[in-house]
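To keep things clear, I will list the structure first and then write my remarks on it.
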Amino acid sequence: MDIPVWQYVVSMTGYIVFLLVLVEGMRRAPRITAAFWLLSLFTAPLWADNLDGWFRWAKTVSVLIPTAIIVGGARIAWLYHDNPNKFLAFFRGDWVLKVLYAVLFINIAEATAKDFATANYFNAICGVILCITIPFPRYKNGKRLYWVIGRDKPNDLLFYSTAAWNFLYTTWNLAFVFGENPGYFASSFCILIAAELYPIIKGRPELYIIARVYTLAFHILVRANGDIFTPVMDSSSWASDAVVYYWGAINLAMHIPFVIWYFKSKKDSETNEPPFGEKSPPPLVSDYSDTKLNDQSKLTTA
């Protein structure tokens, strides 16, 4: 498809701005957001007309269902954190953060498996590195909490990693999309850049995951129900095996020193916990000395 450069500039910039506004709106209105994502699941009968292959189905299901049920349920449960209702208490449970960790791991693993299947080996190794360097919600005898559902409004999903991990995830994912389906690279670039920009704009690195959740989920929902991106930002003509190869090699060159630093920092830690951003450190377990750590419903956020 012959698309002029100005159309890419306008459509991609507009989509990035829209996604930034979307994330802000969804953060500010947890009840409306939860209702929107639950209702989105009723579009499932339409997905079969637009999803092709195991990867598309796995990606769609593994993103939309956790976004609608787990993220939405947990944010609502914490919005009403004083309510003793058993259903709400269930979604304030510690299992929520463990499942969300697993969802992130699985989504990276899905793309990594696809990279291996398409012989994009350098980038596939980067995916493995990203999987093993996701911080757990918390560590045995650890001093910090790396995943938290905010008790205070707007009850965000907070993820305390490092700026380096966020950046490497972004460039790895961009390289994956470029190799897996270059036609959708331009639109996928928008959602990845929006998620990268949002916490920078807000000055809160811990908002990266909630921005990533909502931008990815919205994009996948749209693609599952129809193709509005190809007419305005089809990037099929950008395909290049050489770019895929060298981008993967460059990514690997960045990931190797990161994983060495990550595990060295973890080993040097008194509590065997991973490194984190100094600008926004994870809350201390000692901040919750009056709570039981096996009861997430009693935790508050710093």
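Just so we're on the same page: first chain in the structure tokens is A, next is B, and so on; residues restart at 1 for each chain, and ligands are numbered from 1 in the order they show up.
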With 9 Å as the cut-off and only C-alpha atoms counted, what is the closest atom pair between each nearby residue of range 140-231 of chain A and range 73-78 of chain A? Distances in Å to one decimal, ordered by chain and number, as a Markdown table.
| residue | atom | partner | partner_atom | distance |
| --- | --- | --- | --- | --- |
| A:Ile149 | CA | A:Arg75 | CA | 6.9 |
| A:Gly150 | CA | A:Trp78 | CA | 7.1 |
| A:Arg151 | CA | A:Trp78 | CA | 5.4 |
| A:Asp152 | CA | A:Trp78 | CA | 7.9 |
| A:Lys153 | CA | A:Trp78 | CA | 8.6 |
| A:Pro154 | CA | A:Arg75 | CA | 8.0 |
| A:Asn155 | CA | A:Arg75 | CA | 5.4 |
| A:Asp156 | CA | A:Arg75 | CA | 6.8 |
| A:Leu157 | CA | A:Arg75 | CA | 7.6 |
(Q) I'd like the contact shell of Val213 in chain A - 12 Å cut-off, only C-alpha atoms, skipping same-chain residues fewer than 6 positions apart - returned as an MDAnalysis selection string. (A) chainID A and resid 19 22:23 26:27 37 62:68 70:72 100 103:104 107 156:159 191:192 194:196 207 219:221
Q) Given the choices A:His255, A:Thr13, A:Ala44, A:Gly142, which gets closest to Trp57 in chain A if the distance is worked out from only C-alpha atoms? A) A:Ala44
Q.
With distances taken over only C-alpha atoms, which residue among A:Asp94, A:Glu110, A:Asp115, A:Glu273 lies nearest Cys131 in chain A?
A. A:Glu110
